[in-house]
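Heads up, protein38.cif below (mmCIF, C-alpha atoms):
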data_my_file
#
loop_
_atom_site.label_atom_id
_atom_site.label_comp_id
_atom_site.auth_asym_id
_atom_site.auth_seq_id
_atom_site.Cartn_x
_atom_site.Cartn_y
_atom_site.Cartn_z
CA MET K 9 -22.07 -126.06 125.31
CA THR K 10 -22.42 -129.70 124.34
CA ARG K 11 -22.23 -130.32 120.62
CA LEU K 12 -25.35 -131.59 118.89
CA ASN K 13 -23.58 -132.27 115.59
CA GLY K 14 -21.27 -135.23 116.15
CA ILE K 15 -19.46 -134.67 112.87
CA ILE K 16 -18.40 -131.18 113.95
CA ASP K 17 -17.40 -132.60 117.32
CA GLY K 18 -15.10 -135.11 115.61
CA LEU K 19 -13.57 -132.49 113.33
CA GLU K 20 -12.95 -130.13 116.26
CA ARG K 21 -11.31 -132.93 118.23
CA GLY K 22 -9.17 -134.00 115.28
CA ILE K 23 -10.51 -137.55 115.11
CA PRO K 24 -11.79 -139.31 111.97
CA VAL K 25 -15.50 -139.35 111.30
CA PHE K 26 -17.04 -142.51 109.84
CA GLY K 27 -20.20 -142.35 107.78
CA THR K 28 -22.29 -144.11 105.18
CA PHE K 29 -24.88 -143.34 102.52
CA ALA K 30 -28.54 -144.29 102.80
CA SER K 31 -31.75 -143.84 100.90
CA PRO K 32 -33.90 -141.19 102.58
CA GLU K 33 -36.58 -143.61 103.73
CA PRO K 34 -37.48 -145.27 107.04
CA THR K 35 -36.27 -148.82 106.33
CA ALA K 36 -32.75 -147.62 105.59
CA ALA K 37 -32.77 -145.42 108.68
CA ILE K 38 -33.82 -148.31 110.93
CA ALA K 39 -31.04 -150.47 109.50
CA LEU K 40 -28.51 -147.80 110.48
CA ARG K 41 -29.36 -147.57 114.15
CA ASP K 42 -27.06 -150.29 115.48
CA THR K 43 -24.20 -150.01 112.99
CA GLY K 44 -22.00 -147.59 114.90
CA TYR K 45 -21.66 -144.96 112.19
CA ASP K 46 -20.98 -141.40 113.28
CA ALA K 47 -22.81 -139.94 110.29
CA VAL K 48 -25.27 -140.80 107.56
CA LEU K 49 -25.64 -138.96 104.29
CA PHE K 50 -29.21 -139.36 103.13
CA GLU K 51 -28.81 -139.50 99.39
CA ALA K 52 -31.42 -137.49 97.49
CA GLU K 53 -29.33 -136.54 94.48
CA HIS K 54 -29.76 -139.90 92.77
CA LYS K 55 -32.75 -141.04 94.84
CA PRO K 56 -36.22 -139.46 94.77
CA TRP K 57 -36.61 -136.15 96.58
CA ASP K 58 -39.49 -136.97 98.89
CA PRO K 59 -39.71 -134.68 101.95
CA PRO K 60 -42.28 -136.80 103.85
CA GLN K 61 -40.06 -139.88 103.41
CA LEU K 62 -37.01 -137.89 104.48
CA ARG K 63 -38.92 -136.59 107.53
CA ASP K 64 -39.78 -140.16 108.53
CA ALA K 65 -36.23 -141.36 107.90
CA LEU K 66 -34.87 -138.70 110.25
CA GLN K 67 -37.35 -139.75 112.92
CA TYR K 68 -36.66 -143.48 112.55
CA LEU K 69 -32.93 -142.84 112.81
CA LEU K 70 -33.49 -141.99 116.47
CA ASP K 71 -33.75 -144.77 119.04
CA ARG K 72 -35.88 -143.95 122.10
CA ARG K 73 -33.92 -146.27 124.40
CA GLU K 74 -30.65 -144.73 123.24
CA VAL K 75 -32.02 -141.23 123.73
CA HIS K 76 -33.26 -142.14 127.20
CA ALA K 77 -29.89 -143.56 128.24
CA ALA K 78 -27.83 -140.72 126.80
CA GLU K 79 -26.68 -137.81 128.91
CA GLU K 80 -26.91 -135.37 126.00
CA LEU K 81 -29.20 -134.52 123.11
CA ALA K 82 -26.73 -135.26 120.33
CA PRO K 83 -27.89 -138.14 118.11
CA ALA K 84 -25.61 -141.16 117.89
CA THR K 85 -25.60 -140.87 114.11
CA THR K 86 -25.64 -137.35 112.70
CA PRO K 87 -27.84 -136.99 109.60
CA LEU K 88 -26.85 -134.94 106.56
CA VAL K 89 -28.77 -134.67 103.29
CA ARG K 90 -27.36 -134.54 99.77
CA VAL K 91 -29.83 -132.43 97.81
CA PRO K 92 -30.73 -133.02 94.13
CA PRO K 93 -29.75 -129.77 92.34
CA ASN K 94 -26.28 -129.15 90.97
CA GLY K 95 -24.53 -126.08 92.29
CA ALA K 96 -25.08 -124.15 89.06
CA GLU K 97 -28.84 -124.40 89.53
CA LEU K 98 -28.53 -122.15 92.61
CA SER K 99 -31.46 -123.93 94.21
CA GLN K 100 -32.25 -122.92 97.76
CA TRP K 101 -35.58 -124.54 98.59
CA HIS K 102 -34.16 -128.08 98.75
CA ALA K 103 -31.69 -127.00 101.42
CA LYS K 104 -34.40 -125.06 103.24
CA GLN K 105 -36.67 -128.09 103.42
CA ALA K 106 -33.89 -130.47 104.51
CA LEU K 107 -32.85 -128.13 107.32
CA ASP K 108 -36.44 -127.40 108.33
CA LEU K 109 -36.96 -131.15 108.82
CA GLY K 110 -33.99 -131.28 111.21
CA ALA K 111 -30.96 -132.26 109.13
CA TYR K 112 -27.64 -131.13 110.55
CA GLY K 113 -26.17 -130.24 107.19
CA VAL K 114 -26.52 -130.13 103.44
CA VAL K 115 -24.18 -131.56 100.82
CA TRP K 116 -24.32 -129.79 97.45
CA PRO K 117 -23.42 -131.73 94.27
CA HIS K 118 -21.35 -130.28 91.44
CA VAL K 119 -20.21 -127.00 92.93
CA ASP K 120 -17.80 -125.49 90.40
CA THR K 121 -17.51 -121.76 91.14
CA VAL K 122 -17.25 -119.15 93.87
CA GLU K 123 -20.80 -117.96 93.10
CA GLU K 124 -22.21 -121.47 93.48
CA ALA K 125 -20.35 -122.01 96.76
CA ARG K 126 -21.55 -118.69 98.14
CA ASN K 127 -25.14 -119.63 97.30
CA ALA K 128 -24.71 -123.00 99.04
CA VAL K 129 -23.64 -121.34 102.28
CA ALA K 130 -26.21 -118.53 102.07
CA ALA K 131 -29.06 -121.01 101.55
CA CYS K 132 -28.20 -122.65 104.89
CA ARG K 133 -28.16 -119.42 106.93
CA TYR K 134 -30.92 -117.26 108.28
CA PRO K 135 -30.99 -113.59 107.18
CA GLY K 136 -29.29 -111.13 109.49
CA ARG K 137 -26.15 -113.21 109.77
CA GLY K 138 -24.30 -111.74 106.83
CA ASP K 139 -22.05 -109.43 108.83
CA HIS K 140 -19.34 -111.96 108.08
CA GLY K 141 -19.62 -114.59 105.39
CA PRO K 142 -22.44 -114.93 102.86
CA ALA K 143 -25.68 -113.21 103.85
CA GLY K 144 -28.37 -115.70 104.86
CA LEU K 145 -31.24 -116.62 102.55
CA ARG K 146 -32.98 -119.37 104.51
CA GLY K 147 -36.69 -118.91 105.18
CA ASP K 148 -38.00 -118.83 108.74
CA SER K 149 -39.80 -121.98 109.90
CA PRO K 150 -37.84 -123.55 112.77
CA ALA K 151 -40.48 -125.46 114.72
CA TRP K 152 -40.00 -128.95 113.29
CA ALA K 153 -36.19 -128.74 113.27
CA ALA K 154 -36.08 -127.39 116.83
CA ARG K 155 -38.28 -130.24 118.01
CA TYR K 156 -36.07 -132.77 116.22
CA TRP K 157 -32.95 -131.29 117.81
CA GLY K 158 -34.70 -131.24 121.19
CA VAL K 159 -34.22 -127.54 121.87
CA PRO K 160 -36.52 -124.50 122.15
CA ASN K 161 -36.96 -122.34 119.06
CA ALA K 162 -34.83 -119.56 120.51
CA GLU K 163 -31.94 -121.94 121.11
CA TYR K 164 -32.34 -123.41 117.65
CA TYR K 165 -31.96 -119.93 116.18
CA ARG K 166 -28.74 -119.45 118.14
CA ARG K 167 -27.25 -122.76 117.05
CA ALA K 168 -28.62 -123.10 113.51
CA ASP K 169 -25.75 -121.36 111.74
CA VAL K 170 -22.97 -122.80 109.63
CA TRP K 171 -19.73 -124.03 111.15
CA PRO K 172 -16.90 -123.01 111.26
CA LEU K 173 -18.02 -119.53 110.20
CA ALA K 174 -20.10 -119.50 113.38
CA PRO K 175 -17.94 -121.30 115.99
CA ASP K 176 -21.03 -122.49 117.90
CA GLY K 177 -22.95 -123.36 114.75
CA GLU K 178 -24.31 -126.88 114.36
CA ILE K 179 -24.98 -126.90 110.60
CA LEU K 180 -22.49 -128.22 108.06
CA VAL K 181 -22.25 -127.14 104.44
CA GLY K 182 -20.48 -129.72 102.31
CA LEU K 183 -19.44 -129.12 98.70
CA MET K 184 -18.99 -131.87 96.12
CA ILE K 185 -15.92 -131.10 93.99
CA GLU K 186 -16.35 -133.37 90.99
CA SER K 187 -15.12 -131.65 87.84
CA VAL K 188 -11.82 -130.40 86.46
CA ARG K 189 -13.23 -126.87 86.56
CA ALA K 190 -14.13 -127.24 90.22
CA VAL K 191 -10.63 -128.45 91.08
CA ARG K 192 -9.14 -125.45 89.31
CA ASN K 193 -11.48 -123.07 91.15
CA LEU K 194 -11.21 -124.71 94.57
CA ASP K 195 -8.54 -122.40 95.94
CA ALA K 196 -10.64 -119.35 95.07
CA ILE K 197 -13.77 -120.99 96.48
CA LEU K 198 -12.15 -121.66 99.85
CA ARG K 199 -10.42 -118.27 99.89
CA ASP K 200 -13.50 -116.21 99.04
CA VAL K 201 -16.39 -118.12 100.67
CA ALA K 202 -16.48 -118.51 104.45
CA GLY K 203 -18.63 -121.21 106.03
CA ILE K 204 -17.66 -124.33 104.08
CA GLY K 205 -17.56 -127.18 106.59
CA PHE K 206 -16.01 -129.81 104.34
CA VAL K 207 -15.33 -130.81 100.76
CA MET K 208 -16.25 -134.24 99.40
CA ILE K 209 -14.43 -135.54 96.36
CA GLY K 210 -16.75 -136.61 93.57
CA GLU K 211 -14.42 -139.12 92.02
CA GLY K 212 -17.21 -140.82 90.08
CA ASP K 213 -18.17 -137.79 88.01
CA LEU K 214 -14.58 -136.58 87.90
CA SER K 215 -13.46 -139.89 86.42
CA GLN K 216 -16.26 -139.68 83.86
CA GLU K 217 -15.07 -136.26 82.73
CA LEU K 218 -11.52 -137.60 82.39
CA ASP K 219 -12.92 -140.44 80.23
CA LEU K 220 -11.84 -142.90 82.91
CA PRO K 221 -15.23 -143.97 84.31
CA ARG K 222 -14.89 -145.28 87.85
CA GLN K 223 -11.16 -145.86 87.48
CA TYR K 224 -10.56 -144.30 90.86
CA GLU K 225 -6.96 -145.49 91.12
CA HIS K 226 -5.91 -144.20 87.69
CA PRO K 227 -2.99 -141.72 87.99
CA ALA K 228 -4.96 -138.91 86.34
CA VAL K 229 -7.85 -139.32 88.78
CA MET K 230 -5.49 -139.66 91.72
CA GLU K 231 -3.68 -136.47 90.72
CA HIS K 232 -6.88 -134.42 90.76
CA LYS K 233 -7.81 -135.91 94.14
CA ARG K 234 -4.34 -135.00 95.40
CA GLN K 235 -4.89 -131.42 94.29
CA ILE K 236 -8.16 -131.29 96.23
CA LEU K 237 -6.45 -132.60 99.37
CA ASP K 238 -3.57 -130.13 99.06
CA VAL K 239 -5.78 -127.09 98.49
CA CYS K 240 -8.10 -128.01 101.36
CA ALA K 241 -5.16 -128.61 103.67
CA GLY K 242 -3.90 -125.13 102.86
CA HIS K 243 -7.22 -123.66 103.96
CA GLY K 244 -7.80 -125.97 106.94
CA VAL K 245 -10.90 -127.56 105.40
CA ALA K 246 -11.63 -131.24 105.95
CA VAL K 247 -12.02 -133.58 102.98
CA ALA K 248 -14.47 -136.47 102.76
CA HIS K 249 -13.89 -139.67 100.78
CA PRO K 250 -17.06 -141.35 99.44
CA HIS K 251 -15.74 -144.82 98.64
CA VAL K 252 -13.87 -146.15 101.67
CA THR K 253 -13.38 -149.91 101.85
CA ALA K 254 -11.33 -152.34 103.88
CA GLY K 255 -8.91 -152.42 100.95
CA ASN K 256 -8.21 -148.69 100.70
CA VAL K 257 -8.86 -147.30 104.16
CA ASP K 258 -5.19 -147.35 105.20
CA ARG K 259 -4.19 -145.15 102.28
CA VAL K 260 -7.28 -142.94 102.61
CA VAL K 261 -6.38 -142.14 106.22
CA ASP K 262 -2.69 -141.63 105.35
CA ASP K 263 -3.66 -139.31 102.50
CA GLY K 264 -5.41 -137.02 104.97
CA TYR K 265 -9.12 -137.63 104.49
CA ARG K 266 -10.99 -136.83 107.71
CA LEU K 267 -14.51 -137.98 106.83
CA LEU K 268 -14.66 -141.58 105.67
CA PHE K 269 -17.85 -142.75 103.99
CA THR K 270 -18.39 -146.41 103.19
CA ALA K 271 -20.92 -148.19 101.02
CA PRO K 272 -24.47 -148.54 102.43
CA VAL K 273 -24.98 -150.40 105.67
CA VAL K 274 -25.36 -153.90 104.28
CA SER K 275 -21.65 -154.35 104.88
CA HIS K 276 -19.03 -151.97 106.20
CA PRO K 277 -15.61 -153.64 106.59
CA GLY K 278 -14.01 -150.25 106.07
CA LEU K 279 -15.63 -148.96 109.25
CA ASP K 280 -14.07 -151.61 111.50
CA ARG K 281 -10.74 -151.43 109.70
CA GLY K 282 -10.72 -147.64 109.80
CA ARG K 283 -11.43 -147.48 113.51
CA LYS K 284 -8.67 -149.99 114.16
CA ILE K 285 -5.95 -148.15 112.23
CA THR K 286 -6.93 -144.73 113.58
CA GLY K 287 -7.21 -145.92 117.17
CA ARG K 288 -10.83 -144.80 117.31
CA SER K 289 -12.97 -146.88 119.64
#
For this file, write the structure as structure tokens.
Amino acid sequence: MTRLNGIIDGLERGIPVFGTFASPEPTAAIALRDTGYDAVLFEAEHKPWDPPQLRDALQYLLDRREVHAAEELAPATTPLVRVPPNGAELSQWHAKQALDLGAYGVVWPHVDTVEEARNAVAACRYPGRGDHGPAGLRGDSPAWAARYWGVPNAEYYRRADVWPLAPDGEILVGLMIESVRAVRNLDAILRDVAGIGFVMIGEGDLSQELDLPRQYEHPAVMEHKRQILDVCAGHGVAVAHPHVTAGNVDRVVDDGYRLLFTAPVVSHPGLDRGRKITGRS
């Protein structure tokens, strides 16, 4: 089975995945199409949550000529969505709408506890798939997402589960770990909740809590990031870095980050530098 989710494909093959952030609106999506990114995280936590705009952004991310020339259905740039609610709000409808529009994964901000992580995974699964891992809570409306993926509804059902809990699943659940409490609970989260595709460090909010706003290189901030990397490595879970630049990409790769997100597409020196040092074409 050919992978539809290029991020999962990269993680399974052990190669770095390069991504960027973008506003969930068509202009930003069009600007992404020729940049060479593997992934885009449509940012709706700090941008307006506007499902029609997000729907259009997902559509404009696709290039008809590229689709025609490709030998597979997988998009060149895999879209994820960061939803607005913090993990403690236990919101499920934002994830449901993002997935129903065709997103290949959901990133949840401020997940601090096992309960919040379990809710994040459950919200991205259909009911009836709780024989292992969190029981699904996602509502049933697959037509738009199946059309976006380019598969029949029945095939969408088979593939629309969370990876790696479902080995053939094409949906990623990402957790933002961005508080001291979350760092302390991370081992329990990854031990007790199956289906977490990756963890993204939230060094902005973490540095705020440490009273070191945006001092990402401060030893106290670096120590908490190191703890996240070590715990995730122990559980075999990939870690994403949200602030990759040409100046830090060497260390970011050496530290063990597997998903490298740069600033928005206006400029991405970290992308070219990262591909060079990792040998990725």
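Omitting Ser99 (chain K) and its sequence neighbours fewer than 5 positions away, and counting all atoms listed in the file, the residues within 10 Å are Val91, Pro92, Pro93, Asn94, Lys104, Trp116, Glu124, Asn127, Ala128 and Ala131 of chain K.
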Let me know the residues the PyMOL selection byres ((chain K and resi 111) around 7) catches in the file above, as a PDB file with C-alpha atoms, in the frame of the given file.
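The resulting file, out-v1.pdb, is shown below:
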ATOM      1  CA  PRO K  87     -27.840-136.990 109.600  1.00  0.00           C
ATOM      2  CA  LEU K  88     -26.850-134.940 106.560  1.00  0.00           C
ATOM      3  CA  VAL K  89     -28.770-134.670 103.290  1.00  0.00           C
ATOM      4  CA  ALA K 106     -33.890-130.470 104.510  1.00  0.00           C
ATOM      5  CA  LEU K 107     -32.850-128.130 107.320  1.00  0.00           C
ATOM      6  CA  LEU K 109     -36.960-131.150 108.820  1.00  0.00           C
ATOM      7  CA  GLY K 110     -33.990-131.280 111.210  1.00  0.00           C
ATOM      8  CA  TYR K 112     -27.640-131.130 110.550  1.00  0.00           C
ATOM      9  CA  GLY K 113     -26.170-130.240 107.190  1.00  0.00           C
TER      10      GLY K 113
END
CA of Glu225 (chain K) to CA of Val252 (chain K): how many Å, to one decimal?
12.6 Å
Selection result of the PyMOL selection byres ((chain K and resi 134) around 6) on this file, as JSON, numbers by chain
{"K": [133, 135, 144, 145, 146]}
Selected residue of minimal separation from Asp258 (chain K) among K:Ala84, K:Arg283, K:Glu74, K:Leu237, counting all atoms listed in the file
K:Arg283
